[in-house]
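Below is run.txt, which holds compact mmCIF, C-alpha atoms.
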```txt
# COMPACT_ATOMS: atom_id res chain seq x y z
CA MET A 1 61.40 -90.13 174.78
CA LYS A 2 58.91 -87.52 176.02
CA SER A 3 57.35 -87.82 179.43
CA LYS A 4 53.76 -88.97 179.82
CA PHE A 5 51.97 -86.99 182.48
CA MET A 6 48.88 -88.92 183.57
CA PHE A 7 45.72 -86.87 183.30
CA SER A 8 43.13 -89.18 184.79
CA THR A 9 39.61 -89.59 186.04
CA GLY A 10 37.86 -92.57 187.62
CA ILE A 11 34.68 -94.59 187.69
CA GLU A 12 33.53 -94.48 191.30
CA ASN A 13 33.32 -98.12 192.35
CA SER A 14 32.92 -98.18 196.12
CA TYR A 15 30.93 -101.15 197.46
CA PRO A 16 31.00 -101.29 201.27
CA THR A 17 28.21 -102.85 203.29
CA ILE A 18 26.22 -100.89 205.87
CA PHE A 19 23.50 -101.71 208.38
CA GLU A 20 20.16 -100.09 207.61
CA ASN A 21 17.11 -100.79 209.77
CA GLY A 22 19.00 -103.72 211.30
CA LYS A 23 19.72 -105.29 207.93
CA LYS A 24 23.09 -105.51 206.18
CA ILE A 25 22.96 -104.04 202.67
CA ARG A 26 25.54 -103.41 199.95
CA ILE A 27 26.16 -99.87 198.67
CA ASP A 28 27.40 -100.33 195.10
CA GLU A 29 28.27 -96.99 193.50
CA MET A 30 28.60 -98.45 189.99
CA GLU A 31 25.03 -99.69 190.29
CA LYS A 32 23.67 -96.48 191.84
CA CYS A 33 25.36 -94.31 189.19
CA GLY A 34 24.25 -96.44 186.23
CA HIS A 35 27.65 -97.71 185.13
CA TYR A 36 26.60 -101.35 184.71
CA GLU A 37 24.13 -100.30 182.01
CA ARG A 38 26.11 -97.37 180.52
CA TRP A 39 29.73 -98.50 180.71
CA LYS A 40 30.34 -98.19 176.95
CA GLU A 41 28.99 -94.65 177.05
CA ASP A 42 31.14 -93.87 180.10
CA PHE A 43 34.32 -95.06 178.40
CA ALA A 44 33.45 -93.05 175.29
CA LEU A 45 33.14 -89.95 177.47
CA VAL A 46 36.61 -90.60 178.92
CA LYS A 47 37.96 -90.75 175.38
CA GLU A 48 36.06 -87.59 174.41
CA MET A 49 37.67 -85.75 177.33
CA GLY A 50 41.13 -86.54 175.97
CA ILE A 51 41.90 -88.60 179.10
CA GLU A 52 44.30 -91.50 178.56
CA PHE A 53 44.33 -92.99 182.08
CA LEU A 54 41.32 -94.23 184.04
CA ARG A 55 41.15 -95.34 187.66
CA TYR A 56 38.92 -98.37 187.18
CA GLY A 57 38.35 -101.73 188.74
CA PRO A 58 36.08 -104.75 188.64
CA PRO A 59 33.19 -105.06 191.09
CA TYR A 60 35.39 -107.23 193.29
CA TYR A 61 32.62 -108.47 195.56
CA LYS A 62 30.78 -109.86 192.52
CA VAL A 63 33.78 -111.29 190.69
CA HIS A 64 35.37 -113.24 193.56
CA GLU A 65 32.69 -115.87 194.12
CA GLY A 66 34.71 -118.16 196.39
CA PRO A 67 38.22 -119.58 196.89
CA GLY A 68 39.68 -119.91 193.39
CA LYS A 69 36.29 -119.16 191.80
CA TYR A 70 35.75 -116.06 189.66
CA ASP A 71 33.11 -114.62 187.35
CA TRP A 72 35.02 -112.66 184.70
CA SER A 73 32.11 -111.95 182.35
CA PHE A 74 31.66 -108.22 183.05
CA VAL A 75 35.40 -107.71 183.58
CA ASP A 76 36.29 -109.24 180.21
CA GLU A 77 33.84 -106.98 178.37
CA THR A 78 34.85 -103.77 180.06
CA PHE A 79 38.62 -104.23 179.94
CA ARG A 80 38.40 -105.32 176.31
CA GLU A 81 36.65 -102.05 175.50
CA LEU A 82 39.24 -100.00 177.38
CA LYS A 83 41.95 -101.68 175.34
CA ARG A 84 40.07 -100.97 172.08
CA LEU A 85 39.79 -97.30 173.02
CA ASP A 86 43.47 -97.15 174.03
CA ILE A 87 42.58 -96.02 177.56
CA THR A 88 45.10 -97.25 180.13
CA PRO A 89 43.42 -98.52 183.32
CA ILE A 90 44.92 -97.96 186.73
CA VAL A 91 43.40 -101.18 188.02
CA ASP A 92 41.57 -100.72 191.33
CA LEU A 93 41.19 -104.24 192.70
CA CYS A 94 39.48 -103.58 196.05
CA HIS A 95 37.49 -100.45 196.88
CA PHE A 96 36.10 -100.41 200.43
CA GLY A 97 34.44 -103.82 200.49
CA VAL A 98 34.83 -107.59 200.22
CA PRO A 99 32.58 -110.44 198.99
CA ASP A 100 29.85 -111.67 201.31
CA TRP A 101 31.61 -115.01 201.78
CA ILE A 102 34.65 -113.19 203.24
CA GLY A 103 32.56 -111.14 205.65
CA ASP A 104 34.59 -108.03 206.39
CA PHE A 105 38.05 -106.61 207.03
CA GLN A 106 38.41 -108.50 210.33
CA ASN A 107 38.84 -111.81 208.48
CA ALA A 108 42.52 -112.79 208.80
CA ASP A 109 42.17 -115.36 205.99
CA TRP A 110 41.23 -112.72 203.43
CA PRO A 111 44.79 -111.58 202.45
CA HIS A 112 45.57 -115.07 201.13
CA TYR A 113 42.39 -115.22 199.06
CA PHE A 114 42.81 -111.65 197.81
CA ALA A 115 46.35 -112.39 196.65
CA GLU A 116 45.00 -115.39 194.72
CA PHE A 117 42.43 -113.10 193.10
CA ALA A 118 45.07 -110.49 192.21
CA GLY A 119 47.27 -113.15 190.64
CA ALA A 120 44.34 -114.58 188.67
CA PHE A 121 43.44 -111.09 187.41
CA ALA A 122 47.02 -110.41 186.32
CA ARG A 123 47.18 -113.71 184.45
CA ARG A 124 43.93 -112.89 182.68
CA PHE A 125 45.20 -109.43 181.66
CA PRO A 126 48.98 -109.86 181.41
CA ASP A 127 49.48 -106.66 179.40
CA LEU A 128 48.25 -104.37 182.20
CA HIS A 129 50.94 -102.56 184.18
CA LEU A 130 49.29 -100.04 186.52
CA TYR A 131 47.60 -101.22 189.74
CA THR A 132 46.08 -99.90 192.94
CA PRO A 133 45.66 -103.22 194.79
CA ILE A 134 43.58 -101.71 197.62
CA ASN A 135 42.16 -98.20 197.53
CA GLU A 136 42.54 -95.86 200.54
CA ILE A 137 43.52 -98.44 203.14
CA PHE A 138 43.50 -95.90 205.96
CA ILE A 139 39.93 -94.79 205.18
CA ALA A 140 38.71 -98.38 204.74
CA ALA A 141 40.06 -99.26 208.20
CA MET A 142 38.83 -96.05 209.86
CA PHE A 143 35.29 -96.17 208.49
CA SER A 144 34.93 -99.93 209.09
CA GLY A 145 36.81 -100.45 212.37
CA GLN A 146 37.08 -97.05 214.11
CA TYR A 147 33.93 -95.11 213.23
CA GLY A 148 31.61 -98.11 212.92
CA TRP A 149 30.13 -96.93 209.62
CA TRP A 150 30.90 -99.72 207.13
CA ASN A 151 31.44 -103.46 206.82
CA GLU A 152 32.25 -104.85 210.30
CA SER A 153 30.80 -101.66 211.84
CA LEU A 154 33.14 -101.72 214.84
CA SER A 155 34.34 -98.77 216.88
CA SER A 156 37.61 -99.35 218.71
CA ASP A 157 41.34 -98.87 218.34
CA LYS A 158 41.81 -102.64 218.30
CA ALA A 159 39.25 -103.17 215.54
CA PHE A 160 40.79 -100.35 213.51
CA LEU A 161 44.29 -101.75 213.86
CA ASN A 162 43.18 -105.29 213.07
CA ALA A 163 41.46 -104.09 209.88
CA LEU A 164 44.50 -101.98 208.99
CA LYS A 165 47.04 -104.78 209.30
CA ILE A 166 44.78 -107.22 207.38
CA LEU A 167 44.26 -104.67 204.59
CA CYS A 168 47.98 -103.88 204.41
CA LYS A 169 48.93 -107.55 204.36
CA ALA A 170 46.41 -108.21 201.59
CA ASN A 171 47.86 -105.28 199.66
CA ALA A 172 51.43 -106.55 200.01
CA LEU A 173 50.57 -110.14 199.06
CA ALA A 174 48.56 -108.93 196.06
CA MET A 175 51.55 -106.90 194.85
CA GLN A 176 53.75 -109.97 195.09
CA ALA A 177 51.19 -112.08 193.20
CA ILE A 178 50.92 -109.48 190.42
CA LEU A 179 54.71 -109.19 190.11
CA GLU A 180 54.99 -112.93 189.56
CA VAL A 181 52.92 -112.44 186.40
CA GLN A 182 53.90 -108.92 185.41
CA PRO A 183 57.41 -108.05 186.72
CA GLU A 184 57.15 -104.57 185.18
CA ALA A 185 54.03 -103.61 187.14
CA THR A 186 53.85 -100.17 188.73
CA PHE A 187 51.79 -99.75 191.91
CA ILE A 188 49.98 -96.47 192.50
CA GLN A 189 48.88 -96.65 196.14
CA SER A 190 45.96 -94.25 196.31
CA GLU A 191 45.69 -93.06 199.92
CA SER A 192 43.89 -90.27 201.71
CA SER A 193 46.12 -87.35 202.74
CA GLU A 194 45.13 -86.24 206.22
CA TYR A 195 46.12 -83.54 208.70
CA PHE A 196 44.94 -82.76 212.24
CA HIS A 197 45.11 -79.19 213.61
CA PRO A 198 44.97 -78.54 217.39
CA GLU A 199 42.27 -76.04 218.32
CA ASP A 200 44.27 -74.85 221.33
CA PRO A 201 47.49 -75.88 223.16
CA SER A 202 45.66 -78.50 225.23
CA CYS A 203 44.99 -80.44 222.02
CA ARG A 204 48.59 -80.63 220.81
CA ASP A 205 49.45 -84.09 222.16
CA LEU A 206 46.39 -85.73 220.60
CA ALA A 207 46.89 -83.86 217.32
CA ASP A 208 50.52 -85.02 217.23
CA PHE A 209 49.42 -88.62 217.82
CA LEU A 210 46.76 -88.46 215.10
CA ASN A 211 49.28 -86.95 212.70
CA ARG A 212 51.47 -90.00 213.26
CA LYS A 213 48.53 -92.41 213.07
CA ARG A 214 47.54 -91.07 209.62
CA PHE A 215 50.77 -92.53 208.20
CA LEU A 216 50.25 -96.10 209.47
CA SER A 217 48.85 -97.61 206.27
CA LEU A 218 51.72 -96.32 204.16
CA ASP A 219 54.25 -97.11 206.89
CA PHE A 220 53.18 -100.76 206.65
CA CYS A 221 52.98 -100.73 202.84
CA TYR A 222 56.39 -99.08 202.39
CA SER A 223 58.18 -100.68 205.39
CA HIS A 224 58.74 -97.35 207.12
CA PRO A 225 59.57 -97.64 210.85
CA VAL A 226 57.20 -95.95 213.28
CA SER A 227 58.08 -93.89 216.36
CA VAL A 228 58.52 -95.49 219.77
CA THR A 229 55.22 -93.95 220.92
CA MET A 230 53.38 -95.41 217.93
CA TYR A 231 55.07 -98.79 218.32
CA LYS A 232 53.85 -98.95 221.93
CA TRP A 233 50.33 -98.05 220.79
CA LEU A 234 50.45 -100.83 218.19
CA MET A 235 51.51 -103.38 220.78
CA ASP A 236 48.86 -102.16 223.25
CA ASN A 237 46.14 -102.60 220.65
CA GLY A 238 46.72 -106.14 219.49
CA MET A 239 49.65 -106.10 217.09
CA THR A 240 52.56 -108.40 217.85
CA ASP A 241 56.22 -107.63 217.26
CA LYS A 242 56.29 -110.52 214.77
CA GLU A 243 53.47 -108.93 212.76
CA TYR A 244 55.17 -105.54 212.86
CA MET A 245 58.48 -106.96 211.70
CA TRP A 246 56.72 -108.79 208.86
CA PHE A 247 55.82 -105.41 207.40
CA MET A 248 59.25 -103.94 208.09
CA ASN A 249 60.98 -106.89 206.38
CA ASN A 250 58.47 -107.32 203.56
CA LYS A 251 59.34 -104.37 201.37
CA VAL A 252 58.04 -105.15 197.91
CA LYS A 253 60.75 -104.56 195.34
CA ALA A 254 58.60 -102.85 192.77
CA LYS A 255 58.06 -99.53 191.07
CA CYS A 256 55.81 -97.56 193.38
CA ILE A 257 54.06 -94.22 193.01
CA MET A 258 52.46 -92.71 196.09
CA GLY A 259 48.91 -91.65 195.28
CA ASN A 260 47.74 -88.74 197.43
CA ASP A 261 44.00 -88.04 197.55
CA TYR A 262 42.97 -84.62 198.80
CA TYR A 263 39.51 -83.22 199.51
CA ILE A 264 38.32 -80.23 201.53
CA THR A 265 37.30 -82.76 204.21
CA ASN A 266 40.83 -84.14 204.68
CA GLU A 267 41.90 -81.58 207.27
CA HIS A 268 40.54 -81.86 210.79
CA LEU A 269 40.32 -79.80 213.96
CA VAL A 270 41.16 -81.57 217.23
CA LEU A 271 38.95 -80.30 220.06
CA PRO A 272 39.68 -80.16 223.82
CA ASN A 273 37.16 -82.95 224.53
CA GLY A 274 39.17 -85.34 222.33
CA SER A 275 36.81 -85.30 219.36
CA THR A 276 37.57 -84.03 215.88
CA GLN A 277 35.62 -82.11 213.29
CA ALA A 278 36.24 -80.97 209.74
CA SER A 279 38.35 -77.83 209.56
CA GLY A 280 38.07 -77.15 205.86
CA GLU A 281 41.10 -76.37 203.73
CA ILE A 282 43.86 -74.75 205.80
CA PHE A 283 47.17 -76.08 204.47
CA GLY A 284 45.95 -77.49 201.16
CA TYR A 285 47.31 -80.15 198.83
CA TYR A 286 50.86 -78.82 198.43
CA VAL A 287 51.77 -78.61 202.11
CA ILE A 288 50.23 -81.92 203.13
CA THR A 289 51.54 -83.85 200.11
CA LYS A 290 55.04 -82.55 200.84
CA GLN A 291 54.74 -84.02 204.36
CA TYR A 292 53.98 -87.42 202.85
CA TYR A 293 56.72 -87.05 200.24
CA ASP A 294 59.31 -86.09 202.87
CA ARG A 295 58.45 -89.29 204.76
CA TYR A 296 58.51 -91.78 201.88
CA ARG A 297 60.53 -90.13 199.08
CA LEU A 298 58.49 -91.71 196.30
CA PRO A 299 57.10 -90.27 193.07
CA VAL A 300 53.65 -88.78 193.62
CA MET A 301 50.33 -88.75 191.80
CA HIS A 302 47.30 -86.67 192.77
CA THR A 303 44.86 -89.59 192.62
CA GLU A 304 41.54 -88.08 193.79
CA THR A 305 39.84 -84.76 194.28
CA ASN A 306 36.45 -83.15 193.71
CA ILE A 307 33.98 -80.74 195.25
CA ILE A 308 30.26 -80.20 194.73
CA GLU A 309 28.99 -77.52 192.35
CA PRO A 310 29.02 -74.54 192.22
CA ASN A 311 32.59 -74.66 193.59
CA SER A 312 33.96 -77.32 191.24
CA GLU A 313 35.72 -75.12 188.67
CA MET A 314 37.38 -73.02 191.36
CA TRP A 315 38.53 -76.16 193.17
CA LEU A 316 39.90 -77.73 189.96
CA HIS A 317 42.06 -74.70 189.27
CA LYS A 318 43.20 -74.48 192.88
CA GLU A 319 44.24 -78.15 192.95
CA TRP A 320 45.99 -77.83 189.61
CA ALA A 321 47.87 -74.74 190.82
CA ASN A 322 49.00 -76.65 193.92
CA LEU A 323 50.12 -79.61 191.81
CA TYR A 324 52.00 -77.55 189.25
CA ARG A 325 53.78 -75.50 191.91
CA PHE A 326 54.79 -78.79 193.54
CA LYS A 327 56.18 -79.95 190.19
CA GLN A 328 57.96 -76.65 189.52
CA ASP A 329 59.62 -76.89 192.92
CA GLY A 330 61.29 -80.09 191.80
CA PHE A 331 59.12 -82.77 193.36
CA PRO A 332 58.42 -85.85 191.19
CA ILE A 333 54.69 -85.67 190.53
CA VAL A 334 53.42 -87.66 187.56
CA GLY A 335 49.64 -87.32 187.36
CA PHE A 336 46.38 -85.60 188.30
CA THR A 337 42.88 -87.03 188.76
CA TRP A 338 39.45 -85.45 188.96
CA TYR A 339 37.39 -88.14 190.65
CA SER A 340 35.04 -89.16 189.23
CA LEU A 341 33.75 -89.19 185.65
CA THR A 342 30.11 -88.88 186.71
CA ASP A 343 28.27 -87.58 189.72
CA GLN A 344 28.15 -89.90 192.71
CA MET A 345 25.43 -90.94 195.15
CA ASP A 346 25.18 -90.58 198.94
CA TRP A 347 28.76 -89.52 199.61
CA ASP A 348 27.25 -86.58 201.54
CA SER A 349 26.76 -89.16 204.32
CA ALA A 350 29.97 -91.09 203.51
CA LEU A 351 27.69 -93.85 202.13
CA ARG A 352 26.23 -94.41 205.61
CA HIS A 353 22.68 -93.87 204.36
CA ASN A 354 21.09 -95.34 201.26
CA ALA A 355 19.18 -92.13 200.63
CA GLY A 356 19.62 -91.73 196.88
CA ASN A 357 21.11 -88.25 197.14
CA VAL A 358 22.94 -87.14 193.99
CA ASN A 359 26.32 -85.53 194.68
CA LYS A 360 27.01 -83.04 191.87
CA LEU A 361 30.76 -83.40 191.64
CA GLY A 362 31.41 -85.37 188.45
CA LEU A 363 32.78 -84.24 185.10
CA TYR A 364 29.36 -85.37 183.82
CA ASP A 365 25.99 -85.63 185.52
CA LEU A 366 24.15 -88.95 185.80
CA ASP A 367 22.40 -88.27 182.48
CA ARG A 368 25.93 -88.15 181.01
CA LYS A 369 25.69 -84.42 180.22
CA ILE A 370 28.95 -82.55 180.71
CA ARG A 371 29.19 -80.26 183.73
CA PRO A 372 31.09 -76.94 183.75
CA VAL A 373 33.98 -78.61 185.57
CA GLY A 374 34.08 -81.22 182.80
CA LYS A 375 34.50 -78.48 180.21
CA ALA A 376 37.15 -76.82 182.38
CA TYR A 377 39.08 -80.08 182.87
CA LYS A 378 38.95 -80.87 179.15
CA HIS A 379 40.39 -77.41 178.40
CA LEU A 380 43.03 -77.80 181.11
CA ILE A 381 44.19 -81.07 179.57
CA GLU A 382 44.28 -79.58 176.07
CA VAL A 383 46.44 -76.61 177.01
CA TRP A 384 48.74 -78.28 179.54
CA LYS A 385 49.36 -81.62 177.84
CA PRO A 386 51.87 -80.29 175.26
CA VAL A 387 53.65 -78.24 177.92
CA LEU A 388 54.06 -81.21 180.25
CA ALA A 389 55.21 -83.43 177.40
CA ASP A 390 58.32 -81.26 177.08
CA GLU A 391 59.14 -81.40 180.78
CA SER A 392 61.57 -83.99 182.00
CA PHE A 393 59.66 -86.02 184.55
CA GLY A 394 56.86 -88.42 183.66
CA ILE A 395 55.45 -91.89 183.78
CA GLN A 396 57.76 -93.35 181.14
CA THR A 397 60.43 -93.42 183.85
CA TYR A 398 58.42 -96.14 185.60
CA ILE A 399 56.67 -98.25 182.94
```

Take the structure I supplied and represent it as structure tokens, if you would.
Amino acid sequence: MKSKFMFSTGIENSYPTIFENGKKIRIDEMEKCGHYERWKEDFALVKEMGIEFLRYGPPYYKVHEGPGKYDWSFVDETFRELKRLDITPIVDLCHFGVPDWIGDFQNADWPHYFAEFAGAFARRFPDLHLYTPINEIFIAAMFSGQYGWWNESLSSDKAFLNALKILCKANALAMQAILEVQPEATFIQSESSEYFHPEDPSCRDLADFLNRKRFLSLDFCYSHPVSVTMYKWLMDNGMTDKEYMWFMNNKVKAKCIMGNDYYITNEHLVLPNGSTQASGEIFGYYVITKQYYDRYRLPVMHTETNIIEPNSEMWLHKEWANLYRFKQDGFPIVGFTWYSLTDQMDWDSALRHNAGNVNKLGLYDLDRKIRPVGKAYKHLIEVWKPVLADESFGIQTYI
């Protein structure tokens, strides 16, 4: 049986809330990018690209109307069409936001309700195997609880940690609920790959701490023990030993692939005043992904990358070169994703402002005309797909 390397793209489906002019508003990327009206066309473009796997999820905040209450109308249509086109979804169940009736990521009741939703989804689509229960947990907690940008809009270590543990618990309970329906499910935990560089020797201690903190979401998801220093920080910021041990003892017995997202903004410079700023690419995908692999020893998928034109083609080839070198060096990497299918909106401000700025980083523009990087990715898939099919490591090992 030949291996199935997962060339993938995604439909950007972030939907956090922000405060604008004192009013809470929802930023729905599928709405802003026209997917609700053009979803059939979008799926046809995925097929035209020769892409067999799609990171895609329902608009969770719309579907989950209340405890045990769901509106499946749009979900049924879209997932039926994906099945007709023989495109395999990597189901993204929660992407940076929750329904209004939940509130935000500080709600400790949400994991229970989210697990119910995940189980209901799995029962409705029992043939689906690939899931990302919660996208980029670390970023969701940082932007909502640490930076004050999204959702609860809080800015403290305690708010960050509370959001993080609630998100991780919801993720774990959702995995368990899905496995009850689909025991052969594989979980691809898409997470941001971060690194913090000290500007000078005075910044080393803080950089070291931040480089341990970046692992917390996956430590909780994969039951990986933290250092003594980090454990003390957890206890000082509102976590109890009982909560910590719940994660350490709650390892989900499932097939897991670690999804590593990498952008040029994922590396940071730690400054002497304690702040951080973007450093640009210094180490790159290979070096940082190897750090995550060495910690968790799980198969890897490159689950997100992009950059704005005119640098997109160069970045695609650089990321692919990093990935293939990683694979040649014997590390188990099973897929690559250019994210997303179309251009996005307002990610230049991390969705903090509802400005309507078009971010030219998709395989297609918002008129659904192919961009140069789309042509380059289509060619890359065509020439590399038969080569990778003859190599020994692929997704059939896991599904």

Contact check, region 254-319 of chain A to region 75-98 of chain A, at most 12 Å, counting all atoms listed in the file, closest pairs as a Markdown table:
```
| residue | atom | partner | partner_atom | distance |
| --- | --- | --- | --- | --- |
| A:Ile257 | CA | A:Ile90 | CA | 11.7 |
| A:Gly259 | CA | A:Ile90 | CA | 11.4 |
| A:Met301 | CA | A:Ile90 | CA | 11.8 |
| A:Thr303 | CA | A:Ile90 | CA | 10.2 |
```

Give me a file of those residues, with C-alpha atoms, as a PDB file, keeping the file's coordinate frame.
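out.pdb was written with the following content:
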```pdb
ATOM      1  CA  ILE A 257      54.060 -94.220 193.010  1.00  0.00           C
ATOM      2  CA  GLY A 259      48.910 -91.650 195.280  1.00  0.00           C
ATOM      3  CA  MET A 301      50.330 -88.750 191.800  1.00  0.00           C
ATOM      4  CA  THR A 303      44.860 -89.590 192.620  1.00  0.00           C
TER       5      THR A 303
END
```

Distance in Å - CA of Ala177 (chain A) versus CA of Asp109 (chain A):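 CA of Asp109 (chain A) lies 16.0 Å from CA of Ala177 (chain A).
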
Write out as a list in words the residues lying within 12 Å of Leu179 (chain A), counting only C-alpha atoms and excluding same-chain residues fewer than 6 positions away. Ala115, Ala118, Gly119, Ala120, Phe121, Ala122, Arg123, Pro126, Leu128, His129, Leu130, Tyr131, Pro133, Ala172, Leu173, Ala185, Thr186, Phe187, Val252, Lys253, Ala254 and Lys255 of chain A

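When all atoms listed in the file are used to measure the gap to Glu267 (chain A), the shortest distance among A:Ala207, A:Met6, A:Met314, A:Met30 belongs to A:Ala207.
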
Show which residues sit within 10 Å of Leu45 (chain A), as a ChimeraX atom specification. Count all atoms listed in the file, and ignore same-chain residues fewer than 4 positions away. /A:39-41,49-51,341-342,363-364,368-370

So which residues fall inside 12 Å of (41.0, -74.7, 218.0) if we count all atoms listed in the file? Mind giving them as a VMD selection string? chain A and resid 196 to 204 207 268 to 279

Generate the output file for the selected residues, C-alpha atoms, as an mmCIF file, in the frame of the given file.
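Resulting contents of part_10.cif:
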```
data_model
loop_
_atom_site.group_PDB
_atom_site.id
_atom_site.type_symbol
_atom_site.label_atom_id
_atom_site.label_comp_id
_atom_site.auth_asym_id
_atom_site.auth_seq_id
_atom_site.Cartn_x
_atom_site.Cartn_y
_atom_site.Cartn_z
ATOM 1 C CA PHE A 196 44.940 -82.760 212.240
ATOM 2 C CA HIS A 197 45.110 -79.190 213.610
ATOM 3 C CA PRO A 198 44.970 -78.540 217.390
ATOM 4 C CA GLU A 199 42.270 -76.040 218.320
ATOM 5 C CA ASP A 200 44.270 -74.850 221.330
ATOM 6 C CA PRO A 201 47.490 -75.880 223.160
ATOM 7 C CA SER A 202 45.660 -78.500 225.230
ATOM 8 C CA CYS A 203 44.990 -80.440 222.020
ATOM 9 C CA ARG A 204 48.590 -80.630 220.810
ATOM 10 C CA ALA A 207 46.890 -83.860 217.320
ATOM 11 C CA HIS A 268 40.540 -81.860 210.790
ATOM 12 C CA LEU A 269 40.320 -79.800 213.960
ATOM 13 C CA VAL A 270 41.160 -81.570 217.230
ATOM 14 C CA LEU A 271 38.950 -80.300 220.060
ATOM 15 C CA PRO A 272 39.680 -80.160 223.820
ATOM 16 C CA ASN A 273 37.160 -82.950 224.530
ATOM 17 C CA GLY A 274 39.170 -85.340 222.330
ATOM 18 C CA SER A 275 36.810 -85.300 219.360
ATOM 19 C CA THR A 276 37.570 -84.030 215.880
ATOM 20 C CA GLN A 277 35.620 -82.110 213.290
ATOM 21 C CA ALA A 278 36.240 -80.970 209.740
ATOM 22 C CA SER A 279 38.350 -77.830 209.560
#
```

Within 10 Å of (27.2, -100.1, 192.4), all atoms listed in the file: residues as a list in words?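 It turns out the residues near that spot are Glu12, Asn13, Ser14, Tyr15, Pro16, Arg26, Ile27, Asp28, Glu29, Met30, Glu31, Lys32, Cys33, Gly34, His35, Tyr36, Pro59 and Met345 of chain A.
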
Write out the residues from the selection above, keeping C-alpha atoms, as a compact mmCIF listing (two decimals), keeping the file's coordinate frame.
```txt
# COMPACT_ATOMS: atom_id res chain seq x y z
CA GLU A 12 33.53 -94.48 191.30
CA ASN A 13 33.32 -98.12 192.35
CA SER A 14 32.92 -98.18 196.12
CA TYR A 15 30.93 -101.15 197.46
CA PRO A 16 31.00 -101.29 201.27
CA ARG A 26 25.54 -103.41 199.95
CA ILE A 27 26.16 -99.87 198.67
CA ASP A 28 27.40 -100.33 195.10
CA GLU A 29 28.27 -96.99 193.50
CA MET A 30 28.60 -98.45 189.99
CA GLU A 31 25.03 -99.69 190.29
CA LYS A 32 23.67 -96.48 191.84
CA CYS A 33 25.36 -94.31 189.19
CA GLY A 34 24.25 -96.44 186.23
CA HIS A 35 27.65 -97.71 185.13
CA TYR A 36 26.60 -101.35 184.71
CA PRO A 59 33.19 -105.06 191.09
CA MET A 345 25.43 -90.94 195.15
```

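Note that the spacing between CA of His317 (chain A) and CA of Ile381 (chain A) amounts to 11.8 Å.
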
Work out how far CA of Glu309 (chain A) is from CA of Val358 (chain A), in Å to one decimal.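 Computing the Euclidean distance for CA of Val358 (chain A) and CA of Glu309 (chain A) yields 11.5 Å.
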
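Every protein or nucleic acid residue with an atom no more than 8 Å from region 210-221 of chain A, counting only C-alpha atoms and leaving out same-chain residues fewer than 5 positions away, appears here: Ile137, Phe138, Leu164, Lys165, Cys168, Asn171, Ala172, Ser193, Glu194, Tyr195, Phe196, Val226, Met230, Phe247, Met248 and Lys251 of chain A.
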
May I ask which of the residues A:Asp346, A:Glu382, A:Glu391, A:Glu152 is the closest one to Lys327 (chain A), counting all atoms listed in the file?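 Closest candidate: A:Glu391.
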
Among the residues A:His112, A:Arg325, A:His353, A:Lys24, the one that comes closest to Met175 (chain A) [using only C-alpha atoms]: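 Under the stated criterion, the closest residue is A:His112.
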
Residues near Ser192 (chain A), cut-off 8 Å, only C-alpha atoms, skip fewer than 5 positions along chain, as a ChimeraX atom specification: /A:136,138-139,260-262,266

Do you know which residues are at most 9 Å from Phe105 (chain A) counting all atoms listed in the file, after dropping those on the same chain fewer than 4 positions away, and could you put them as a list of chain:residue names? A:Gly97, A:Val98, A:Trp110, A:Ala140, A:Ala141, A:Ser144, A:Gly145, A:Asn151, A:Glu152, A:Asn162, A:Ala163, A:Leu164, A:Ile166, A:Leu167

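Distances here use all atoms listed in the file; by that measure, the residue among A:Ala174, A:Ile307, A:Asp208, A:Leu161 closest to Leu234 (chain A) is A:Leu161.
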
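When all atoms listed in the file are used to measure the gap to Tyr244 (chain A), the shortest distance among A:Lys169, A:Ile188, A:Tyr377, A:Glu37 belongs to A:Lys169.
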
Looking at A:Gly374, A:Pro310, A:Gly330, A:Pro58, which one is nearest to Tyr70 (chain A), with distances taken over only C-alpha atoms? A:Pro58
